[in-house]
file target-v7.txt (compact mmCIF, C-alpha atoms)
# COMPACT_ATOMS: atom_id res chain seq x y z
CA MET A 1180 -1.86 -14.77 32.64
CA TYR A 1181 0.76 -14.20 29.97
CA ARG A 1182 4.39 -14.96 30.76
CA LEU A 1183 7.03 -12.97 28.87
CA TYR A 1184 10.55 -14.35 28.62
CA ASP A 1185 12.45 -11.13 28.42
CA PHE A 1186 15.72 -9.27 28.92
CA LEU A 1187 15.48 -5.74 30.24
CA ALA A 1188 18.09 -4.19 27.90
CA SER A 1189 16.53 -5.79 24.81
CA GLY A 1190 14.55 -3.52 22.53
CA ASN A 1191 12.80 -6.59 21.12
CA GLY A 1192 11.64 -7.48 24.63
CA TYR A 1193 10.74 -3.86 25.34
CA LYS A 1194 8.34 -3.72 22.35
CA CYS A 1195 6.25 -6.46 23.93
CA ARG A 1196 6.41 -5.02 27.47
CA LEU A 1197 5.38 -1.64 26.11
CA LEU A 1198 2.30 -2.99 24.30
CA LEU A 1199 1.31 -5.15 27.29
CA HIS A 1200 1.36 -2.00 29.45
CA HIS A 1201 -0.57 0.04 26.86
CA LEU A 1202 -3.21 -2.70 26.69
CA ASP A 1203 -3.24 -3.00 30.48
CA LEU A 1204 -2.82 -6.78 30.21
CA PRO A 1205 -1.51 -8.65 33.26
CA PHE A 1206 1.76 -10.50 32.62
CA GLU A 1207 4.68 -12.03 34.44
CA ARG A 1208 8.20 -11.19 33.29
CA VAL A 1209 10.89 -13.87 33.34
CA GLU A 1210 14.28 -12.18 33.03
CA VAL A 1211 16.83 -14.10 30.96
CA ASP A 1212 20.25 -12.48 31.19
CA LEU A 1213 21.53 -12.71 27.62
CA LEU A 1214 24.88 -11.21 28.53
CA ARG A 1215 25.56 -14.07 30.93
CA GLY A 1216 24.59 -16.58 28.24
CA GLU A 1217 21.40 -17.48 30.07
CA SER A 1218 19.38 -17.58 26.87
CA ARG A 1219 21.12 -20.79 25.92
CA THR A 1220 19.17 -22.79 28.42
CA GLU A 1221 17.18 -25.93 27.86
CA ALA A 1222 14.01 -24.23 29.09
CA LEU A 1223 14.21 -21.42 26.55
CA GLY A 1224 15.22 -23.92 23.84
CA ARG A 1225 11.93 -25.76 24.38
CA LEU A 1226 10.01 -22.52 23.83
CA ASN A 1227 12.07 -21.15 20.94
CA PRO A 1228 14.46 -23.17 18.75
CA GLU A 1229 16.45 -19.95 18.29
CA GLN A 1230 16.97 -19.78 22.07
CA ARG A 1231 16.29 -16.05 21.89
CA ILE A 1232 14.00 -13.77 23.86
CA PRO A 1233 11.33 -12.49 23.72
CA VAL A 1234 8.95 -15.43 23.87
CA LEU A 1235 5.32 -15.00 24.95
CA GLU A 1236 3.98 -18.03 26.78
CA LEU A 1237 0.20 -18.38 26.87
CA GLU A 1238 -1.83 -19.84 29.75
CA ASP A 1239 -1.97 -23.24 28.01
CA GLY A 1240 1.81 -23.34 27.58
CA THR A 1241 1.82 -22.36 23.88
CA ALA A 1242 5.00 -20.45 23.04
CA LEU A 1243 5.05 -17.56 20.58
CA PRO A 1244 8.55 -16.31 19.65
CA GLU A 1245 9.48 -13.30 17.45
CA SER A 1246 8.82 -9.89 18.95
CA ASN A 1247 6.84 -8.52 16.02
CA ALA A 1248 4.61 -11.62 15.83
CA ILE A 1249 3.90 -11.13 19.55
CA LEU A 1250 2.93 -7.49 18.85
CA CYS A 1251 0.50 -8.52 16.08
CA PHE A 1252 -1.02 -11.25 18.25
CA LEU A 1253 -1.61 -8.95 21.22
CA ALA A 1254 -2.79 -6.01 19.10
CA GLU A 1255 -5.54 -7.80 17.16
CA GLY A 1256 -8.91 -6.31 17.97
CA THR A 1257 -7.38 -3.19 19.53
CA PRO A 1258 -6.67 0.27 18.07
CA TRP A 1259 -2.98 -0.72 17.78
CA TRP A 1260 -3.90 -2.97 14.82
CA PRO A 1261 -5.76 -1.09 12.05
CA ALA A 1262 -9.19 -2.21 10.90
CA GLY A 1263 -8.47 -1.80 7.17
CA ARG A 1264 -6.75 -4.52 5.14
CA LEU A 1265 -4.36 -2.16 3.36
CA ALA A 1266 -3.48 -0.31 6.57
CA ARG A 1267 -2.71 -3.66 8.25
CA ALA A 1268 -0.47 -4.56 5.30
CA GLN A 1269 1.38 -1.25 5.65
CA VAL A 1270 1.87 -1.91 9.39
CA LEU A 1271 3.32 -5.33 8.48
CA ARG A 1272 5.50 -3.71 5.83
CA TRP A 1273 7.14 -1.54 8.52
CA LEU A 1274 7.42 -4.49 10.94
CA PHE A 1275 9.25 -6.58 8.32
CA TRP A 1276 11.39 -3.60 7.39
CA GLU A 1277 12.28 -3.11 11.07
CA GLN A 1278 13.54 -6.69 11.37
CA TYR A 1279 15.42 -6.70 8.06
CA SER A 1280 16.80 -3.18 7.63
CA HIS A 1281 16.69 -1.46 11.04
CA GLU A 1282 17.27 -3.92 13.90
CA PRO A 1283 20.32 -5.74 12.41
CA ASN A 1284 22.03 -2.35 12.11
CA VAL A 1285 20.72 0.14 14.69
CA ALA A 1286 20.29 -2.48 17.46
CA THR A 1287 23.43 -4.44 16.67
CA VAL A 1288 25.65 -1.33 16.68
CA ARG A 1289 24.14 -0.29 20.05
CA HIS A 1290 24.80 -3.75 21.46
CA TRP A 1291 28.41 -3.74 20.29
CA VAL A 1292 29.01 -0.20 21.58
CA LEU A 1293 27.36 -0.85 24.98
CA HIS A 1294 28.96 -4.21 25.62
CA GLY A 1295 32.14 -3.30 23.78
CA SER A 1296 34.17 -6.00 22.25
CA THR A 1297 37.67 -6.21 20.89
CA ASP A 1298 36.36 -8.92 18.55
CA GLU A 1299 38.15 -8.40 15.24
CA GLU A 1300 35.17 -9.31 13.06
CA ARG A 1301 32.90 -6.83 14.84
CA THR A 1302 35.50 -4.08 14.53
CA ARG A 1303 35.64 -4.72 10.78
CA LEU A 1304 31.86 -4.85 10.37
CA LEU A 1305 31.01 -1.84 12.55
CA PRO A 1306 31.48 0.98 9.98
CA ARG A 1307 29.24 -0.76 7.42
CA LYS A 1308 26.59 -1.56 10.08
CA ARG A 1309 26.67 2.07 11.23
CA GLU A 1310 26.27 3.31 7.64
CA GLN A 1311 23.27 0.99 7.17
CA GLY A 1312 21.84 2.21 10.50
CA VAL A 1313 22.06 5.84 9.36
CA ARG A 1314 20.41 4.78 6.11
CA ALA A 1315 17.52 3.25 8.09
CA LEU A 1316 17.12 6.43 10.14
CA THR A 1317 17.08 8.41 6.89
CA VAL A 1318 14.26 6.23 5.52
CA MET A 1319 12.29 6.89 8.73
CA GLU A 1320 12.98 10.65 8.57
CA ARG A 1321 11.66 10.89 4.99
CA HIS A 1322 8.59 8.82 5.80
CA LEU A 1323 7.76 10.84 8.91
CA ALA A 1324 8.12 14.24 7.22
CA GLY A 1325 4.55 15.56 7.37
CA ARG A 1326 3.22 12.48 9.17
CA ALA A 1327 2.54 11.99 12.88
CA TRP A 1328 2.58 8.15 12.83
CA PHE A 1329 3.96 5.45 10.57
CA VAL A 1330 0.57 4.26 9.29
CA GLY A 1331 -2.70 6.20 9.33
CA GLU A 1332 -3.85 8.81 11.80
CA GLY A 1333 -2.95 7.15 15.10
CA PRO A 1334 -0.26 5.02 16.72
CA THR A 1335 -0.01 1.34 15.75
CA VAL A 1336 2.34 -1.50 16.62
CA ALA A 1337 4.56 -0.25 13.77
CA ASP A 1338 5.34 2.81 15.91
CA LEU A 1339 6.06 0.72 19.02
CA ALA A 1340 8.29 -1.70 17.11
CA LEU A 1341 10.33 1.11 15.58
CA TYR A 1342 10.43 3.16 18.79
CA ALA A 1343 12.12 0.34 20.72
CA TYR A 1344 15.60 0.55 19.17
CA THR A 1345 15.35 4.05 17.66
CA HIS A 1346 14.97 5.84 21.00
CA VAL A 1347 18.15 4.19 22.32
CA ALA A 1348 20.10 4.64 19.06
CA PRO A 1349 22.25 7.35 20.75
CA GLU A 1350 23.54 4.57 23.06
CA GLY A 1351 25.06 3.18 19.86
CA ALA A 1352 26.59 6.61 19.13
CA PHE A 1353 24.01 7.40 16.44
CA ASP A 1354 23.41 11.15 16.29
CA LEU A 1355 19.67 11.88 16.01
CA GLY A 1356 20.40 15.60 15.44
CA PRO A 1357 19.94 15.39 11.66
CA PHE A 1358 16.57 13.63 12.07
CA PRO A 1359 14.08 16.20 13.45
CA ALA A 1360 10.98 14.33 12.23
CA VAL A 1361 12.22 11.16 13.94
CA ARG A 1362 12.88 13.09 17.18
CA ALA A 1363 9.40 14.66 17.14
CA TRP A 1364 7.83 11.23 16.54
CA LEU A 1365 9.88 9.69 19.40
CA ALA A 1366 8.52 12.40 21.70
CA ARG A 1367 4.95 11.66 20.53
CA VAL A 1368 5.35 7.94 21.29
CA ALA A 1369 6.86 8.65 24.71
CA ALA A 1370 3.97 11.01 25.54
CA LEU A 1371 1.27 8.38 24.93
CA PRO A 1372 -0.75 7.51 28.04
CA GLY A 1373 0.38 4.12 29.39
CA HIS A 1374 3.95 4.55 28.15
CA VAL A 1375 6.73 2.91 30.20
CA THR A 1376 10.48 3.29 29.77
CA ILE A 1377 12.79 0.49 28.60
CA ASP A 1378 14.12 -0.02 32.17
CA HIS A 1379 10.63 -0.46 33.66
CA ALA A 1380 11.11 -3.93 35.10
CA ALA A 1381 7.69 -4.68 36.59
CA GLY A 1382 5.13 -6.92 34.95
CA ARG A 1383 1.49 -6.12 35.59
CA ALA A 1384 -0.49 -7.91 38.27
CA MET B 9 -4.98 -5.25 -11.99
CA TYR B 10 -2.02 -5.64 -9.67
CA ARG B 11 1.44 -4.70 -10.92
CA LEU B 12 4.41 -6.55 -9.39
CA TYR B 13 7.86 -4.97 -9.59
CA ASP B 14 9.92 -8.10 -9.64
CA PHE B 15 13.19 -9.80 -10.57
CA LEU B 16 12.99 -13.34 -11.85
CA ALA B 17 15.95 -14.73 -9.88
CA SER B 18 14.71 -13.21 -6.60
CA GLY B 19 13.15 -15.58 -4.09
CA ASN B 20 11.46 -12.59 -2.47
CA GLY B 21 9.81 -11.78 -5.80
CA TYR B 22 9.00 -15.45 -6.39
CA LYS B 23 7.02 -15.70 -3.12
CA CYS B 24 4.61 -13.07 -4.42
CA ARG B 25 4.39 -14.53 -7.96
CA LEU B 26 3.71 -17.94 -6.48
CA LEU B 27 0.83 -16.75 -4.29
CA LEU B 28 -0.66 -14.66 -7.12
CA HIS B 29 -0.72 -17.81 -9.28
CA HIS B 30 -2.19 -19.93 -6.48
CA LEU B 31 -4.93 -17.34 -5.97
CA ASP B 32 -5.45 -17.05 -9.73
CA LEU B 33 -5.20 -13.27 -9.49
CA PRO B 34 -4.37 -11.35 -12.66
CA PHE B 35 -1.16 -9.31 -12.44
CA GLU B 36 1.43 -7.63 -14.61
CA ARG B 37 5.10 -8.27 -13.93
CA VAL B 38 7.62 -5.46 -14.32
CA GLU B 39 11.09 -6.98 -14.45
CA VAL B 40 13.77 -4.91 -12.71
CA ASP B 41 17.22 -6.33 -13.37
CA LEU B 42 18.91 -6.01 -10.00
CA LEU B 43 22.19 -7.34 -11.33
CA ARG B 44 22.39 -4.46 -13.79
CA GLY B 45 21.68 -2.01 -10.99
CA GLU B 46 18.23 -1.29 -12.40
CA SER B 47 16.63 -1.28 -8.97
CA ARG B 48 18.31 2.02 -8.24
CA THR B 49 15.93 3.89 -10.48
CA GLU B 50 13.91 6.92 -9.65
CA ALA B 51 10.67 5.06 -10.45
CA LEU B 52 11.36 2.28 -7.97
CA GLY B 53 12.57 4.84 -5.42
CA ARG B 54 9.14 6.50 -5.52
CA LEU B 55 7.49 3.16 -4.74
CA ASN B 56 9.98 1.92 -2.13
CA PRO B 57 12.51 4.06 -0.27
CA GLU B 58 14.71 0.95 -0.07
CA GLN B 59 14.74 0.79 -3.91
CA ARG B 60 14.30 -2.96 -3.65
CA ILE B 61 11.91 -5.37 -5.32
CA PRO B 62 9.34 -6.78 -4.84
CA VAL B 63 6.81 -3.98 -4.67
CA LEU B 64 3.11 -4.59 -5.27
CA GLU B 65 1.39 -1.64 -6.92
CA LEU B 66 -2.38 -1.51 -6.51
CA GLU B 67 -4.84 -0.16 -9.11
CA ASP B 68 -4.94 3.21 -7.36
CA GLY B 69 -1.14 3.54 -7.41
CA THR B 70 -0.61 2.56 -3.75
CA ALA B 71 2.74 0.84 -3.32
CA LEU B 72 3.28 -2.04 -0.91
CA PRO B 73 6.93 -3.12 -0.43
CA GLU B 74 8.29 -6.06 1.61
CA SER B 75 7.61 -9.52 0.20
CA ASN B 76 6.08 -10.95 3.36
CA ALA B 77 3.74 -7.98 3.84
CA ILE B 78 2.60 -8.52 0.24
CA LEU B 79 1.91 -12.19 1.05
CA CYS B 80 -0.20 -11.30 4.10
CA PHE B 81 -2.11 -8.65 2.16
CA LEU B 82 -2.96 -10.99 -0.72
CA ALA B 83 -3.71 -13.98 1.53
CA GLU B 84 -6.29 -12.33 3.79
CA GLY B 85 -9.66 -14.00 3.43
CA THR B 86 -8.16 -17.06 1.68
CA PRO B 87 -7.07 -20.47 3.03
CA TRP B 88 -3.43 -19.26 2.84
CA TRP B 89 -4.11 -17.05 5.90
CA PRO B 90 -5.48 -19.01 8.89
CA ALA B 91 -8.79 -18.07 10.45
CA GLY B 92 -7.59 -18.44 14.07
CA ARG B 93 -5.77 -15.62 15.88
CA LEU B 94 -3.04 -17.86 17.33
CA ALA B 95 -2.49 -19.68 14.02
CA ARG B 96 -2.13 -16.29 12.27
CA ALA B 97 0.43 -15.26 14.91
CA GLN B 98 2.39 -18.48 14.31
CA VAL B 99 2.37 -17.80 10.56
CA LEU B 100 3.73 -14.32 11.28
CA ARG B 101 6.32 -15.80 13.63
CA TRP B 102 7.73 -17.88 10.73
CA LEU B 103 7.52 -14.95 8.33
CA PHE B 104 9.56 -12.75 10.69
CA TRP B 105 11.97 -15.62 11.33
CA GLU B 106 12.40 -16.05 7.57
CA GLN B 107 13.42 -12.42 7.11
CA TYR B 108 15.71 -12.29 10.15
CA SER B 109 17.32 -15.74 10.40
CA HIS B 110 16.86 -17.48 7.02
CA GLU B 111 16.93 -15.01 4.13
CA PRO B 112 20.05 -13.02 5.21
CA ASN B 113 21.97 -16.30 5.29
CA VAL B 114 20.47 -18.87 2.88
CA ALA B 115 19.55 -16.29 0.20
CA THR B 116 22.66 -14.17 0.59
CA VAL B 117 25.02 -17.16 0.29
CA ARG B 118 23.14 -18.28 -2.85
CA HIS B 119 23.44 -14.80 -4.34
CA TRP B 120 27.16 -14.60 -3.62
CA VAL B 121 27.80 -18.11 -5.01
CA LEU B 122 25.69 -17.57 -8.17
CA HIS B 123 26.99 -14.13 -8.99
CA GLY B 124 30.43 -14.85 -7.58
CA SER B 125 32.50 -12.04 -6.34
CA THR B 126 36.11 -11.63 -5.43
CA ASP B 127 34.98 -9.03 -2.93
CA GLU B 128 37.21 -9.44 0.14
CA GLU B 129 34.48 -8.67 2.69
CA ARG B 130 32.15 -11.30 1.20
CA THR B 131 34.91 -13.90 1.17
CA ARG B 132 35.49 -13.23 4.87
CA LEU B 133 31.79 -13.28 5.76
CA LEU B 134 30.84 -16.34 3.69
CA PRO B 135 31.77 -19.14 6.17
CA ARG B 136 29.80 -17.49 8.98
CA LYS B 137 26.79 -16.84 6.71
CA ARG B 138 26.91 -20.46 5.53
CA GLU B 139 27.03 -21.71 9.14
CA GLN B 140 24.01 -19.55 10.00
CA GLY B 141 22.23 -20.85 6.90
CA VAL B 142 22.78 -24.47 7.98
CA ARG B 143 21.50 -23.47 11.41
CA ALA B 144 18.30 -22.11 9.83
CA LEU B 145 17.81 -25.33 7.83
CA THR B 146 18.29 -27.29 11.06
CA VAL B 147 15.56 -25.26 12.79
CA MET B 148 13.23 -26.04 9.86
CA GLU B 149 14.13 -29.75 9.91
CA ARG B 150 13.29 -30.04 13.62
CA HIS B 151 10.05 -28.15 13.23
CA LEU B 152 8.93 -30.22 10.23
CA ALA B 153 9.69 -33.59 11.85
CA GLY B 154 6.19 -35.09 12.13
CA ARG B 155 4.49 -32.10 10.56
CA ALA B 156 3.32 -31.63 6.96
CA TRP B 157 3.14 -27.82 7.00
CA PHE B 158 4.67 -25.03 9.09
CA VAL B 159 1.41 -24.03 10.80
CA GLY B 160 -1.71 -26.12 11.18
CA GLU B 161 -3.04 -28.80 8.85
CA GLY B 162 -2.66 -27.12 5.48
CA PRO B 163 -0.31 -24.85 3.53
CA THR B 164 -0.13 -21.17 4.46
CA VAL B 165 1.93 -18.20 3.31
CA ALA B 166 4.56 -19.33 5.85
CA ASP B 167 5.22 -22.35 3.62
CA LEU B 168 5.43 -20.23 0.45
CA ALA B 169 7.76 -17.69 2.07
CA LEU B 170 10.12 -20.40 3.32
CA TYR B 171 9.91 -22.45 0.11
CA ALA B 172 11.19 -19.56 -2.00
CA TYR B 173 14.84 -19.57 -0.89
CA THR B 174 14.97 -23.08 0.62
CA HIS B 175 14.28 -24.90 -2.66
CA VAL B 176 17.16 -23.08 -4.36
CA ALA B 177 19.55 -23.41 -1.40
CA PRO B 178 21.60 -26.00 -3.35
CA GLU B 179 22.45 -23.17 -5.81
CA GLY B 180 24.28 -21.69 -2.83
CA ALA B 181 26.06 -25.03 -2.31
CA PHE B 182 23.89 -25.94 0.68
CA ASP B 183 23.51 -29.73 0.92
CA LEU B 184 19.89 -30.66 1.66
CA GLY B 185 20.88 -34.32 2.12
CA PRO B 186 20.89 -34.14 5.93
CA PHE B 187 17.41 -32.54 5.96
CA PRO B 188 14.89 -35.23 4.91
CA ALA B 189 11.87 -33.54 6.51
CA VAL B 190 12.73 -30.32 4.67
CA ARG B 191 13.07 -32.22 1.37
CA ALA B 192 9.71 -33.98 1.84
CA TRP B 193 8.07 -30.62 2.64
CA LEU B 194 9.64 -28.98 -0.45
CA ALA B 195 8.14 -31.79 -2.56
CA ARG B 196 4.72 -31.21 -0.93
CA VAL B 197 4.82 -27.48 -1.73
CA ALA B 198 5.92 -28.13 -5.34
CA ALA B 199 3.07 -30.63 -5.80
CA LEU B 200 0.33 -28.16 -4.83
CA PRO B 201 -2.10 -27.41 -7.66
CA GLY B 202 -1.34 -23.97 -9.10
CA HIS B 203 2.39 -24.20 -8.36
CA VAL B 204 4.78 -22.41 -10.72
CA THR B 205 8.57 -22.59 -10.78
CA ILE B 206 10.87 -19.67 -9.92
CA ASP B 207 11.69 -19.10 -13.63
CA HIS B 208 8.02 -18.87 -14.64
CA ALA B 209 8.13 -15.38 -16.09
CA ALA B 210 4.54 -14.80 -17.14
CA GLY B 211 2.09 -12.69 -15.20
CA ARG B 212 -1.58 -13.68 -15.37
CA ALA B 213 -3.96 -12.01 -17.78

call {"tool": "encode", "arguments": {"input": "target-v7.txt", "output": "structure tokens"}}
result
Amino acid sequence: MYRLYDFLASGNGYKCRLLLHHLDLPFERVEVDLLRGESRTEALGRLNPEQRIPVLELEDGTALPESNAILCFLAEGTPWWPAGRLARAQVLRWLFWEQYSHEPNVATVRHWVLHGSTDEERTRLLPRKREQGVRALTVMERHLAGRAWFVGEGPTVADLALYAYTHVAPEGAFDLGPFPAVRAWLARVAALPGHVTIDHAAGRA
Amino acid sequence: MYRLYDFLASGNGYKCRLLLHHLDLPFERVEVDLLRGESRTEALGRLNPEQRIPVLELEDGTALPESNAILCFLAEGTPWWPAGRLARAQVLRWLFWEQYSHEPNVATVRHWVLHGSTDEERTRLLPRKREQGVRALTVMERHLAGRAWFVGEGPTVADLALYAYTHVAPEGAFDLGPFPAVRAWLARVAALPGHVTIDHAAGRA
């Protein structure tokens, strides 16, 4: 059985949970409370030199860090990973874009807003991060205009990866009002059979 | 024939050039001078909403942005992309790590040092970025201790992606002295048949 080192509030963890539920794969969740500094443990360090969740541990003890690599691994051979080479490349394009242009802005702003900080550096960086987050949402809005899913005619791991932090962007005081195509797409992802919410804490037996 | 929208000084562009040469694939380079603001053109905007290079344009006009997605696309079916599902996931793990934890620090510091700026925000951010860059090099050093390549027994696109900005880290005043395993690995990558340097401007006919 898979073991997922996870933190319930983490969108990166949620991506993996969500796909595991969609695929109906049994897994055990190990909660690592990042806010209490629990990720900096020796055990997690052995699994991931970055000491970050999520990490997927396989039956044989192999550790796979990086949320989007976990998604690709689990999705192979399922409809969440397209059959065509170019479609797979476009899924990867959105996964890399999510980690480089979306997560460091949309997720980071949410984290700072939720777990507020009087940290001077964060206060200085926040407006720029927020501007970049709005820019990322704008890129999504333009791409989704006239499209139901990020790549091809059905949902892929690109949609799950981008759903994770986009649907909680309002917790970071991002206004999704100006992004109707993004809001319609969020509703489509949430309506998929097998969907679970970010606070769904149970693994699958 | 492939067309690569590229910028010679860019490590992200170099990754793609390097693999195209290794695979002996003909391609045309279109130089976009980022430093002169040329990336903000309407033409590039049509290919990539981020208006960033590299973008790979296929014969039929399809545009594929994101350097690491381009690597995966080109590498499929070649020895640069492992045959095993878990090995592929580990390659992806390093590719995502490169974009999230390495490039924003090692590459950004190099860019700021090379094209110096009196920009106040950059001056403030530089020490933290440099610290994170050294942290990334440390993760690589530990992983490469006792290993020749990042994943498995031979070179993969994970090695090319990480080579691109690591080998020019000294241009960002990073000292590779304390990282002997990284230096030995850089020499191994540079010694591969088909290798070209970052300033190798020619496409392949």

call {"tool": "interface_residues", "arguments": {"input": "target-v7.txt", "of": "chain A", "to": "chain B", "cutoff": "10 Å", "atoms": "all atoms listed in the file", "output": "ChimeraX atom specification"}}
result
/A:1227-1229,1241-1253,1255,1264-1280,1282-1283,1300,1303-1304,1314-1315,1317-1319,1321-1322

call {"tool": "atom_distance", "arguments": {"input": "target-v7.txt", "atom1": "CA of Leu1371 in chain A", "atom2": "CA of Tyr1193 in chain A"}}
result
15.5 Å

call {"tool": "atom_distance", "arguments": {"input": "target-v7.txt", "atom1": "CA of Gln1230 in chain A", "atom2": "CA of Tyr1184 in chain A"}}
result
10.7 Å

call {"tool": "closest_residue", "arguments": {"input": "target-v7.txt", "among": "B:Leu168, B:Val121, B:Ala210, B:Leu152", "to": "Leu134 in chain B", "atoms": "all atoms listed in the file"}}
result
B:Val121

call {"tool": "atom_distance", "arguments": {"input": "target-v7.txt", "atom1": "CA of Val1211 in chain A", "atom2": "CA of Gly1190 in chain A"}}
result
13.7 Å

call {"tool": "residues_near_point", "arguments": {"input": "target-v7.txt", "point": "(3.5, 3.4, 13.6)", "cutoff": "10 Å", "atoms": "all atoms listed in the file", "output": "PyMOL selection string"}}
result
chain A and resi 1259-1260+1269-1270+1273-1274+1323+1327-1342+1364+1368

call {"tool": "residues_around", "arguments": {"input": "target-v7.txt", "residues": "His208 in chain B", "least_positions_apart": "5", "cutoff": "10 Å", "atoms": "only C-alpha atoms", "output": "list of chain:residue names"}}
result
B:Leu16, B:Tyr22, B:Arg25, B:Leu26, B:His203

call {"tool": "decode", "arguments": {"input": "target-v7.txt", "residues": "range 1237-1255 of chain A", "atoms": "N, CA and C atoms", "output": "short mmCIF file (atom, residue, chain, number, x, y, z; two decimals), in the first residue's frame"}}
result
data_model
loop_
_atom_site.label_atom_id
_atom_site.label_comp_id
_atom_site.auth_asym_id
_atom_site.auth_seq_id
_atom_site.Cartn_x
_atom_site.Cartn_y
_atom_site.Cartn_z
N LEU A 1237 6.68 4.02 -1.56
CA LEU A 1237 6.16 2.79 -2.17
C LEU A 1237 6.34 1.62 -1.20
N GLU A 1238 5.71 0.51 -1.51
CA GLU A 1238 5.76 -0.69 -0.66
C GLU A 1238 7.18 -1.08 -0.28
N ASP A 1239 8.11 -0.94 -1.26
CA ASP A 1239 9.50 -1.37 -1.03
C ASP A 1239 10.33 -0.29 -0.34
N GLY A 1240 9.70 0.80 0.08
CA GLY A 1240 10.42 1.84 0.80
C GLY A 1240 10.96 2.95 -0.09
N THR A 1241 10.85 2.79 -1.42
CA THR A 1241 11.29 3.85 -2.33
C THR A 1241 10.50 5.12 -2.07
N ALA A 1242 11.21 6.26 -2.02
CA ALA A 1242 10.56 7.54 -1.77
C ALA A 1242 10.51 8.36 -3.05
N LEU A 1243 9.36 8.91 -3.34
CA LEU A 1243 9.20 9.79 -4.51
C LEU A 1243 8.69 11.15 -4.03
N PRO A 1244 9.57 12.17 -3.99
CA PRO A 1244 9.13 13.52 -3.63
C PRO A 1244 8.64 14.27 -4.87
N GLU A 1245 8.19 15.49 -4.66
CA GLU A 1245 7.70 16.41 -5.71
C GLU A 1245 6.29 16.02 -6.15
N SER A 1246 5.34 16.86 -5.75
CA SER A 1246 3.93 16.55 -5.98
C SER A 1246 3.63 16.22 -7.44
N ASN A 1247 4.16 17.00 -8.37
CA ASN A 1247 3.78 16.78 -9.76
C ASN A 1247 4.43 15.52 -10.35
N ALA A 1248 5.59 15.12 -9.80
CA ALA A 1248 6.19 13.85 -10.21
C ALA A 1248 5.34 12.69 -9.69
N ILE A 1249 4.80 12.85 -8.48
CA ILE A 1249 3.90 11.83 -7.91
C ILE A 1249 2.66 11.68 -8.80
N LEU A 1250 2.10 12.82 -9.23
CA LEU A 1250 0.92 12.77 -10.11
C LEU A 1250 1.22 11.99 -11.39
N CYS A 1251 2.35 12.30 -12.03
CA CYS A 1251 2.70 11.62 -13.29
C CYS A 1251 2.88 10.12 -13.06
N PHE A 1252 3.55 9.78 -11.96
CA PHE A 1252 3.80 8.37 -11.64
C PHE A 1252 2.48 7.61 -11.48
N LEU A 1253 1.58 8.18 -10.67
CA LEU A 1253 0.32 7.49 -10.40
C LEU A 1253 -0.59 7.46 -11.63
N ALA A 1254 -0.49 8.48 -12.47
CA ALA A 1254 -1.44 8.62 -13.58
C ALA A 1254 -1.10 7.75 -14.78
N GLU A 1255 0.15 7.33 -14.90
CA GLU A 1255 0.55 6.54 -16.08
C GLU A 1255 -0.37 5.35 -16.28
#
